[in-house]
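J.: So here's input.txt, just compact mmCIF, C-alpha atoms and all ligand atoms:
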# COMPACT_ATOMS: atom_id res chain seq x y z
CA MET A 29 68.17 154.39 102.00
CA ALA A 30 69.02 156.43 105.08
CA ARG A 31 66.63 156.16 107.97
CA SER A 32 65.79 159.46 109.55
CA ARG A 33 63.82 158.16 112.49
CA GLY A 34 66.69 157.15 114.77
CA ARG A 35 66.48 158.70 118.21
CA HIS A 36 70.23 158.94 118.35
CA ARG A 37 70.72 160.20 114.84
CA THR A 38 73.41 162.73 115.55
CA LEU A 39 75.91 165.01 113.96
CA THR A 40 78.23 162.02 113.95
CA SER A 41 75.90 160.03 111.76
CA VAL A 42 75.25 163.00 109.52
CA ALA A 43 78.99 163.52 109.25
CA GLY A 44 79.39 159.84 108.39
CA SER A 45 76.80 160.12 105.65
CA LEU A 46 78.47 163.24 104.28
CA ALA A 47 81.85 161.54 104.26
CA LEU A 48 80.39 158.68 102.25
CA LEU A 49 78.69 161.12 99.90
CA VAL A 50 81.81 163.21 99.38
CA GLY A 51 83.82 160.06 98.72
CA THR A 52 81.28 158.95 96.15
CA VAL A 53 81.16 162.35 94.43
CA LEU A 54 84.95 162.60 94.23
CA VAL A 55 85.21 159.18 92.70
CA GLY A 56 82.34 159.94 90.34
CA ALA A 57 83.98 163.23 89.29
CA GLY A 58 86.96 161.34 88.00
CA ALA A 59 89.35 162.16 90.83
CA PRO A 60 92.77 160.58 90.42
CA ALA A 61 92.36 156.83 90.39
CA GLN A 62 93.36 155.86 93.88
CA ALA A 63 92.08 152.85 95.78
CA GLN A 64 89.50 154.11 98.26
CA PRO A 65 89.50 152.24 101.53
CA PRO A 66 86.19 150.44 101.92
CA PRO A 67 83.77 152.26 104.19
CA THR A 68 83.99 151.25 107.82
CA LEU A 69 81.10 149.62 109.64
CA ARG A 70 80.72 152.85 111.56
CA GLU A 71 80.24 154.84 108.36
CA LEU A 72 77.88 152.30 106.87
CA ALA A 73 75.79 152.14 110.05
CA ALA A 74 75.65 155.93 110.32
CA ALA A 75 74.23 156.15 106.81
CA GLN A 76 71.37 153.93 108.05
CA GLY A 77 70.78 155.95 111.23
CA LEU A 78 72.01 152.98 113.24
CA HIS A 79 74.26 153.12 116.27
CA LEU A 80 76.73 150.25 116.09
CA GLY A 81 78.53 149.74 119.36
CA ALA A 82 80.96 147.48 121.18
CA ALA A 83 81.63 146.56 124.77
CA VAL A 84 84.77 148.42 125.81
CA ALA A 85 87.52 146.71 127.81
CA GLY A 86 89.36 148.16 130.78
CA PRO A 87 93.12 148.47 131.07
CA PRO A 88 95.53 147.19 129.86
CA THR A 89 93.56 146.54 126.64
CA LEU A 90 92.05 150.03 126.75
CA ALA A 91 95.54 151.54 126.41
CA ASP A 92 96.50 149.43 123.37
CA PRO A 93 96.76 151.78 120.36
CA THR A 94 95.55 149.15 117.88
CA TYR A 95 92.55 148.36 120.06
CA ARG A 96 91.67 152.05 120.34
CA GLU A 97 92.11 152.59 116.61
CA VAL A 98 89.83 149.69 115.66
CA LEU A 99 87.21 150.53 118.31
CA THR A 100 86.91 154.14 117.24
CA ARG A 101 87.11 153.38 113.51
CA GLU A 102 84.49 150.62 113.35
CA PHE A 103 82.02 151.62 116.05
CA SER A 104 79.95 154.69 116.91
CA MET A 105 79.02 153.65 120.45
CA GLY A 106 80.59 151.92 123.43
CA THR A 107 79.58 150.30 126.71
CA SER A 108 81.86 149.59 129.65
CA GLU A 109 82.09 145.80 129.55
CA ASN A 110 82.69 145.64 133.31
CA ASP A 111 83.81 148.96 134.72
CA MET A 112 80.45 150.50 135.61
CA LYS A 113 79.21 147.42 137.46
CA TRP A 114 78.85 147.65 141.23
CA GLY A 115 81.95 145.64 142.16
CA PRO A 116 84.44 147.56 140.01
CA ILE A 117 82.97 151.02 140.50
CA HIS A 118 81.89 150.86 144.17
CA PRO A 119 84.45 148.57 145.83
CA ALA A 120 83.90 149.76 149.42
CA PRO A 121 80.90 151.41 151.07
CA ASP A 122 82.43 154.88 150.90
CA THR A 123 84.73 154.35 147.92
CA TYR A 124 84.01 154.81 144.26
CA ALA A 125 86.60 153.84 141.63
CA PHE A 126 85.75 155.85 138.56
CA ALA A 127 89.12 155.84 136.77
CA ASN A 128 88.41 153.09 134.23
CA ALA A 129 84.89 154.23 133.39
CA ASP A 130 86.13 157.82 133.15
CA ALA A 131 88.84 156.73 130.69
CA GLN A 132 86.30 154.84 128.59
CA ALA A 133 83.86 157.76 128.62
CA ALA A 134 86.64 160.15 127.59
CA LEU A 135 87.81 157.93 124.71
CA LEU A 136 84.26 157.67 123.41
CA ALA A 137 83.58 161.40 123.76
CA ASP A 138 86.88 162.31 122.10
CA ASN A 139 85.85 160.22 119.13
CA ALA A 140 82.25 161.46 118.91
CA MET A 141 80.93 158.09 120.03
CA ALA A 142 77.80 157.57 122.11
CA MET A 143 77.88 155.63 125.38
CA ARG A 144 75.53 153.08 126.96
CA GLY A 145 75.73 152.70 130.72
CA HIS A 146 75.79 149.15 132.12
CA ASN A 147 74.43 148.64 134.81
CA LEU A 148 72.95 149.99 138.07
CA ALA A 149 71.48 146.82 139.63
CA TRP A 150 72.30 143.16 138.91
CA HIS A 151 72.89 139.89 140.74
CA MET A 152 76.50 139.49 139.56
CA GLN A 153 79.80 141.31 139.99
CA ASN A 154 78.64 142.92 143.20
CA PRO A 155 81.16 143.91 145.90
CA ASP A 156 81.54 141.58 148.90
CA TRP A 157 80.57 144.35 151.29
CA LEU A 158 77.17 144.54 149.59
CA THR A 159 76.47 140.82 149.23
CA SER A 160 77.70 139.86 152.71
CA GLY A 161 75.76 142.59 154.49
CA THR A 162 72.26 142.40 155.92
CA TRP A 163 70.14 145.39 155.10
CA THR A 164 66.73 146.55 156.18
CA ARG A 165 64.44 147.64 153.38
CA ASP A 166 65.07 151.32 154.07
CA GLU A 167 68.83 150.82 154.27
CA ALA A 168 68.83 148.97 150.96
CA ILE A 169 66.77 151.69 149.27
CA GLY A 170 69.25 154.24 150.60
CA LEU A 171 72.22 152.24 149.26
CA LEU A 172 70.69 151.78 145.85
CA GLU A 173 69.63 155.41 145.53
CA ASP A 174 72.97 156.76 146.71
CA HIS A 175 74.80 154.52 144.23
CA ILE A 176 72.58 155.65 141.38
CA ASP A 177 73.07 159.29 142.36
CA ALA A 178 76.84 158.82 142.40
CA VAL A 179 77.25 156.77 139.22
CA ALA A 180 74.44 157.94 136.95
CA GLY A 181 74.94 161.45 138.33
CA ARG A 182 78.65 161.47 137.45
CA TYR A 183 78.02 160.58 133.82
CA ALA A 184 74.78 162.56 133.49
CA GLY A 185 74.36 164.02 130.03
CA ARG A 186 76.98 161.66 128.58
CA ILE A 187 75.02 158.41 128.52
CA VAL A 188 72.37 157.87 125.85
CA GLU A 189 70.97 154.67 127.40
CA TRP A 190 71.36 153.24 130.90
CA ASP A 191 70.78 149.56 131.68
CA VAL A 192 69.17 150.44 134.99
CA VAL A 193 68.35 146.87 135.97
CA ASN A 194 69.97 143.78 134.46
CA GLU A 195 68.49 140.26 134.51
CA ALA A 196 65.81 140.58 137.20
CA VAL A 197 63.77 137.62 136.03
CA GLY A 198 64.76 134.15 137.18
CA LEU A 199 64.84 130.92 135.20
CA GLY A 200 61.75 129.56 136.91
CA ASP A 201 58.82 131.31 138.52
CA ASP A 202 60.87 133.27 141.03
CA PRO A 203 62.74 136.52 140.45
CA TRP A 204 66.50 136.16 140.14
CA PRO A 205 67.85 136.43 143.70
CA ASN A 206 69.95 139.55 144.21
CA PRO A 207 70.62 141.95 147.09
CA TRP A 208 67.71 144.14 145.99
CA SER A 209 64.97 141.56 145.60
CA ALA A 210 65.97 140.17 148.98
CA SER A 211 65.89 143.46 150.87
CA ILE A 212 63.57 145.82 148.96
CA GLY A 213 61.27 143.30 147.33
CA TYR A 214 60.36 142.44 143.76
CA PRO A 215 59.38 144.22 141.59
CA ASP A 216 59.55 147.23 143.92
CA TYR A 217 63.31 147.53 143.62
CA LEU A 218 63.04 148.04 139.88
CA ASP A 219 60.63 150.92 140.41
CA VAL A 220 62.98 152.48 142.97
CA ALA A 221 65.96 152.17 140.64
CA PHE A 222 64.22 153.59 137.57
CA HIS A 223 62.69 156.55 139.43
CA ARG A 224 66.07 157.41 140.91
CA ALA A 225 67.92 156.99 137.61
CA ARG A 226 65.50 159.41 135.95
CA LEU A 227 66.32 162.00 138.62
CA ALA A 228 70.08 161.36 138.45
CA ASP A 229 70.32 161.61 134.65
CA PRO A 230 67.16 163.05 133.12
CA SER A 231 68.51 162.91 129.57
CA ALA A 232 69.39 159.20 129.55
CA GLN A 233 66.97 156.67 128.11
CA LEU A 234 66.32 154.10 130.82
CA PHE A 235 66.45 150.42 129.87
CA TYR A 236 65.65 147.06 131.40
CA ASN A 237 68.24 144.59 130.00
CA ASP A 238 68.10 140.79 129.84
CA PHE A 239 69.37 137.69 128.02
CA GLY A 240 67.45 135.08 126.07
CA ILE A 241 64.48 137.36 125.38
CA GLU A 242 65.16 137.94 121.68
CA LEU A 243 63.04 135.05 120.45
CA ALA A 244 59.76 133.69 121.79
CA ASN A 245 59.99 131.59 124.95
CA PRO A 246 58.36 131.56 128.39
CA ARG A 247 61.06 133.70 129.99
CA ALA A 248 60.69 136.32 127.24
CA ASP A 249 57.01 136.42 128.20
CA ALA A 250 57.89 136.79 131.88
CA VAL A 251 60.15 139.75 131.07
CA TYR A 252 57.45 141.28 128.90
CA ASP A 253 54.95 140.94 131.78
CA LEU A 254 57.40 142.57 134.19
CA VAL A 255 58.02 145.49 131.83
CA ARG A 256 54.34 145.92 131.00
CA GLY A 257 53.67 146.09 134.72
CA MET A 258 56.26 148.83 135.11
CA VAL A 259 54.73 150.83 132.28
CA GLY A 260 51.32 150.38 133.90
CA ARG A 261 52.62 151.73 137.21
CA GLY A 262 54.06 154.80 135.50
CA VAL A 263 57.67 153.77 136.12
CA PRO A 264 59.99 155.83 133.90
CA ILE A 265 61.25 153.14 131.53
CA ASP A 266 62.13 153.94 127.91
CA GLY A 267 63.32 150.67 126.49
CA VAL A 268 64.30 147.04 126.76
CA GLY A 269 67.76 145.67 125.98
CA PHE A 270 67.88 142.33 124.17
CA GLN A 271 71.36 141.05 125.05
CA ALA A 272 71.38 138.57 122.14
CA HIS A 273 74.12 136.21 123.24
CA LEU A 274 73.44 133.84 120.37
CA SER A 275 75.15 130.83 118.83
CA VAL A 276 75.76 129.58 115.33
CA ASP A 277 72.64 127.39 115.63
CA SER A 278 70.32 130.17 116.81
CA CYS A 279 68.62 130.85 113.46
CA PRO A 280 67.48 127.62 111.79
CA THR A 281 66.20 129.34 108.65
CA PRO A 282 67.32 132.46 106.72
CA THR A 283 64.35 134.40 108.13
CA SER A 284 63.64 132.84 111.53
CA CYS A 285 65.67 135.24 113.66
CA THR A 286 64.59 138.37 111.82
CA ASP A 287 60.94 137.27 112.06
CA GLY A 288 61.26 136.27 115.70
CA LEU A 289 63.04 139.45 116.74
CA LEU A 290 60.52 141.63 114.92
CA THR A 291 57.70 139.88 116.77
CA GLU A 292 59.35 140.46 120.15
CA MET A 293 60.27 144.05 119.27
CA ALA A 294 56.71 144.80 118.10
CA ARG A 295 55.11 144.05 121.44
CA TYR A 296 57.45 146.51 123.16
CA GLU A 297 56.70 149.07 120.48
CA ALA A 298 53.04 148.64 121.37
CA LEU A 299 53.99 149.63 124.93
CA GLY A 300 55.73 152.74 123.56
CA LEU A 301 59.22 151.34 124.27
CA GLN A 302 62.46 151.18 122.32
CA VAL A 303 64.44 147.98 121.94
CA SER A 304 68.22 147.94 121.64
CA ILE A 305 70.39 144.92 120.87
CA THR A 306 72.84 145.35 123.72
CA GLU A 307 75.37 142.49 123.89
CA LEU A 308 75.35 140.72 120.55
CA ASP A 309 77.71 137.84 119.95
CA VAL A 310 77.37 134.54 118.08
CA ALA A 311 79.36 131.69 119.60
CA ILE A 312 80.84 128.83 117.56
CA PRO A 313 82.30 125.55 118.83
CA LEU A 314 86.08 125.79 118.38
CA PRO A 315 87.83 125.48 116.06
CA ALA A 316 85.38 127.32 113.80
CA ASP A 317 85.22 125.93 110.25
CA ALA A 318 84.18 127.75 107.07
CA ASP A 319 80.62 126.44 107.18
CA GLU A 320 80.17 127.67 110.76
CA LEU A 321 81.64 131.06 109.94
CA ALA A 322 79.14 131.36 107.08
CA ARG A 323 76.25 130.38 109.32
CA GLN A 324 77.47 132.83 111.95
CA ALA A 325 77.48 135.55 109.29
CA ASP A 326 73.84 134.82 108.58
CA VAL A 327 72.88 135.08 112.26
CA TYR A 328 74.50 138.51 112.40
CA ARG A 329 72.76 139.55 109.18
CA GLN A 330 69.38 138.50 110.51
CA VAL A 331 69.75 140.33 113.81
CA VAL A 332 70.99 143.60 112.29
CA LEU A 333 68.24 143.43 109.66
CA ALA A 334 65.59 143.13 112.37
CA CYS A 335 66.91 146.28 114.02
CA LEU A 336 66.98 148.12 110.69
CA TRP A 337 63.39 147.14 110.00
CA ALA A 338 61.88 147.62 113.46
CA PRO A 339 60.58 151.16 113.95
CA ASN A 340 61.65 151.07 117.60
CA CYS A 341 65.26 149.85 117.23
CA ASP A 342 68.28 151.95 116.26
CA THR A 343 71.09 150.45 118.32
CA VAL A 344 73.13 147.26 117.99
CA VAL A 345 76.01 146.73 120.43
CA LEU A 346 78.45 143.83 120.08
CA TRP A 347 79.90 142.30 123.24
CA GLY A 348 83.51 143.08 122.39
CA VAL A 349 85.69 144.53 119.63
CA SER A 350 87.37 141.35 118.35
CA ASP A 351 87.57 137.65 119.14
CA ALA A 352 90.62 138.46 121.27
CA HIS A 353 88.35 140.37 123.68
CA SER A 354 85.29 138.15 123.82
CA TRP A 355 83.98 136.77 127.12
CA ILE A 356 82.67 133.62 125.40
CA PRO A 357 85.75 131.31 125.70
CA GLY A 358 85.93 132.06 129.42
CA PHE A 359 82.22 131.67 130.02
CA ARG A 360 81.56 128.75 127.67
CA PRO A 361 84.72 126.63 127.39
CA GLY A 362 85.24 125.16 123.92
CA TRP A 363 83.26 127.95 122.26
CA GLY A 364 84.39 131.28 120.87
CA ALA A 365 85.10 133.12 117.60
CA ALA A 366 81.90 135.01 118.43
CA LEU A 367 82.53 138.51 117.05
CA LEU A 368 82.98 140.21 113.66
CA LEU A 369 86.77 140.58 113.74
CA ASP A 370 89.17 137.73 114.44
CA GLU A 371 91.88 137.79 117.09
CA GLN A 372 94.15 139.74 114.72
CA TYR A 373 91.38 142.28 114.03
CA GLN A 374 90.85 140.84 110.55
CA PRO A 375 87.28 140.93 109.17
CA LYS A 376 85.45 137.60 109.24
CA PRO A 377 82.59 136.54 106.94
CA ALA A 378 80.23 138.00 109.55
CA TYR A 379 81.88 141.40 109.19
CA ASP A 380 81.43 141.24 105.42
CA ALA A 381 77.80 140.18 105.80
CA VAL A 382 76.99 143.09 108.13
CA ALA A 383 78.86 145.53 105.88
CA ALA A 384 76.99 144.30 102.79
CA LEU A 385 73.65 144.53 104.61
CA LEU A 386 74.31 148.07 105.84
CA ALA A 387 75.53 149.17 102.39
CA ASP A 388 72.34 148.03 100.71
CA PRO A 389 69.62 146.88 103.09
CA PRO A 390 66.55 145.26 101.57
CA ALA A 391 63.34 147.23 101.90
CA LEU A 392 60.90 146.13 104.56
CA PRO A 393 58.27 144.00 102.80
CA ALA A 394 54.89 145.67 102.49
CA PRO A 395 52.44 144.76 105.23
CA THR A 396 50.36 141.70 104.60
CA THR A 397 46.97 142.48 103.13
CA THR A 398 44.12 140.11 103.55
CA VAL A 399 41.42 140.37 100.93
CA PRO A 400 38.07 140.30 102.73
CA ALA A 401 36.08 137.29 101.66
CA SER A 402 33.12 138.30 99.53
CA PRO A 403 29.81 136.62 100.30
CA THR A 404 29.91 134.95 96.92
CA THR A 405 33.41 133.61 97.35
CA VAL A 406 33.38 129.95 98.11
CA ALA A 407 37.07 129.40 98.76
CA PRO A 408 38.73 131.62 101.37
CA ALA A 409 40.68 134.51 99.88
CA ALA A 410 44.39 133.84 99.49
CA GLN A 411 46.48 135.20 102.31
CA VAL A 412 49.96 136.48 101.77
CA THR A 413 52.26 134.93 104.31
CA PRO A 414 54.51 137.53 105.90
CA ALA A 415 57.96 136.83 104.55
CA PHE A 416 60.76 138.85 106.05
CA THR A 417 63.19 137.55 103.51
CA GLY A 418 66.44 139.33 103.15
C1 LIG B 1 80.42 139.72 131.28
C2 LIG B 1 81.78 140.27 130.87
O1 LIG B 1 81.86 140.24 129.47
C3 LIG B 1 82.88 139.44 131.49
O2 LIG B 1 84.15 140.04 131.24
C4 LIG B 1 82.67 139.31 132.99
O3 LIG B 1 83.63 138.43 133.52
C5 LIG B 1 81.29 138.79 133.29
O4 LIG B 1 80.31 139.63 132.68
N1 LIG B 1 75.37 139.61 130.53
C6 LIG B 1 75.72 140.88 130.93
C7 LIG B 1 77.14 141.31 130.89
O5 LIG B 1 74.82 141.69 131.19
O6 LIG B 1 77.44 142.24 131.91
C8 LIG B 1 78.07 140.14 131.00
O7 LIG B 1 79.40 140.61 130.81
C9 LIG B 1 77.70 139.08 129.99
C10 LIG B 1 76.30 138.57 130.22
For the file at hand, write its structure as structure tokens.
T.:
Amino acid sequence: MARSRGRHRTLTSVAGSLALLVGTVLVGAGAPAQAQPPPTLRELAAAQGLHLGAAVAGPPTLADPTYREVLTREFSMGTSENDMKWGPIHPAPDTYAFANADAQAALLADNAMAMRGHNLAWHMQNPDWLTSGTWTRDEAIGLLEDHIDAVAGRYAGRIVEWDVVNEAVGLGDDPWPNPWSASIGYPDYLDVAFHRARLADPSAQLFYNDFGIELANPRADAVYDLVRGMVGRGVPIDGVGFQAHLSVDSCPTPTSCTDGLLTEMARYEALGLQVSITELDVAIPLPADADELARQADVYRQVVLACLWAPNCDTVVLWGVSDAHSWIPGFRPGWGAALLLDEQYQPKPAYDAVAALLADPPALPAPTTTVPASPTTVAPAAQVTPAFTG
């Protein structure tokens, strides 16, 4: 069943659906028996109105023909994995280095793929000149606004979603220290960044992006409170990015992640906000065995299903094209194999699970109905437990 509600449902996705349809009709009409290649993830996702994306590497990987072929065949969206961050794109106070991000944007545009922008303010991968400087509040506001004008302005009209601020909430009670909280103040700097991003690229959807907020926990609540405060102040925010850096143990039951994600997504929907899954990967302790690959497949299935079912989610981005490009082994030594394709670009069980889900997604279970207790009823009326079983 194709969803028609996706914000980003585009000609690309319509074209994908038509291609599938034409393929089906030709086969059905008794065209010469010829093995049809299985539909790509991109085609299957398009038929569901879902944007399926990947983090895009810089050079030299970006120039590799196989990498480009797989990226553009399997995905309908891309995000610069690193090249739009402050350090790479703004290496000196008066110098911008746009070449890599330009090349990524061009590859995506040439292949009718959407682009997410990542990111305009964060505590990591900042240039030394920024982190070693001392700035008054007004100077810092000027720096942040000028950067947003330059970067969001350059790609204006070409970015469907911008991660305006990344990871502002700390692990305890304090905001995460960064140049902006220190000089402008928290949460003021978020308001400054979002207002300026709206001016610099009025057509982009503006997102707050963070990790570990997919499933209920105190930090997810802290992020929700921050975002609700922004909405209350009239800050132009359109959505929240759930990074979803998960592991093979993240979903203890076949429904726990879908249920948990839907709960977290629903409270943002109540604020009028979208949710996108922005950096999905599912790490496994290496070497990955068959049981772990099967459990990984189920984590992927549960996350994608939540996005298919949530009325305010139409985007799932993986943090890399294949296991050869994943940040996990570098970030979490001893872990890896976190994506859908292995290091030779071969589909893993997780790829097959996502393909099967997108080809034939289960219908969203009907809402729970509670029969009102009648005055004569002694026992309480039976309640149907919500079961988001796939
Ligand atoms: C990571 C990249 O994948 C690495 O290549 C880089 O060395 C560090 O950053 N959350 C984010 C992403 O928002 O920007 C991070 O990307 C992963 C965690």
J.: Please give me, as a list in words, the residues lying within 6 Å of ligand LIG 1 (chain B) when counting all atoms listed in the file.
T.: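 Those within range of ligand LIG 1 (chain B) are Glu109, Asn110 and Trp355 of chain A.
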J.: Can you pull out the residues contacting Asn245 in chain A? Cut-off 12 Å, using all atoms listed in the file, and skip same-chain residues under 6 positions away; I want them as a PyMOL selection string.
T.: chain A and resi 199+239+251-252+288-289+291-292
J.: I'd like the interatomic distance between CA of Ala378 in chain A and CA of Asp317 in chain A, to a tenth of an Å.
T.: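 For CA of Ala378 in chain A relative to CA of Asp317 in chain A, the distance reads 13.1 Å.
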J.: Work out how far apart CA of Leu254 in chain A and CA of Ala184 in chain A are and give it in Å to one decimal.
T.: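 Computed distance, CA of Leu254 in chain A to CA of Ala184 in chain A, equals 26.5 Å.
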J.: Find the residue from A:His151, A:His175, A:Arg329, A:Arg165 that sits nearest to Ala221 in chain A; use only C-alpha atoms when measuring.
T.: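 Under the stated criterion, the closest residue is A:His175.
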J.: Can you measure CA of Glu97 in chain A to CA of Leu136 in chain A for me? One decimal in Å is fine.
T.: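 If I compute the distance from CA of Glu97 in chain A to CA of Leu136 in chain A, I get 11.6 Å.
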J.: Using all atoms listed in the file, list the residues that have an atom at most 12 Å from (85.4, 140.6, 109.4), coordinates as in the file, as a count of residues only.
T.: 32
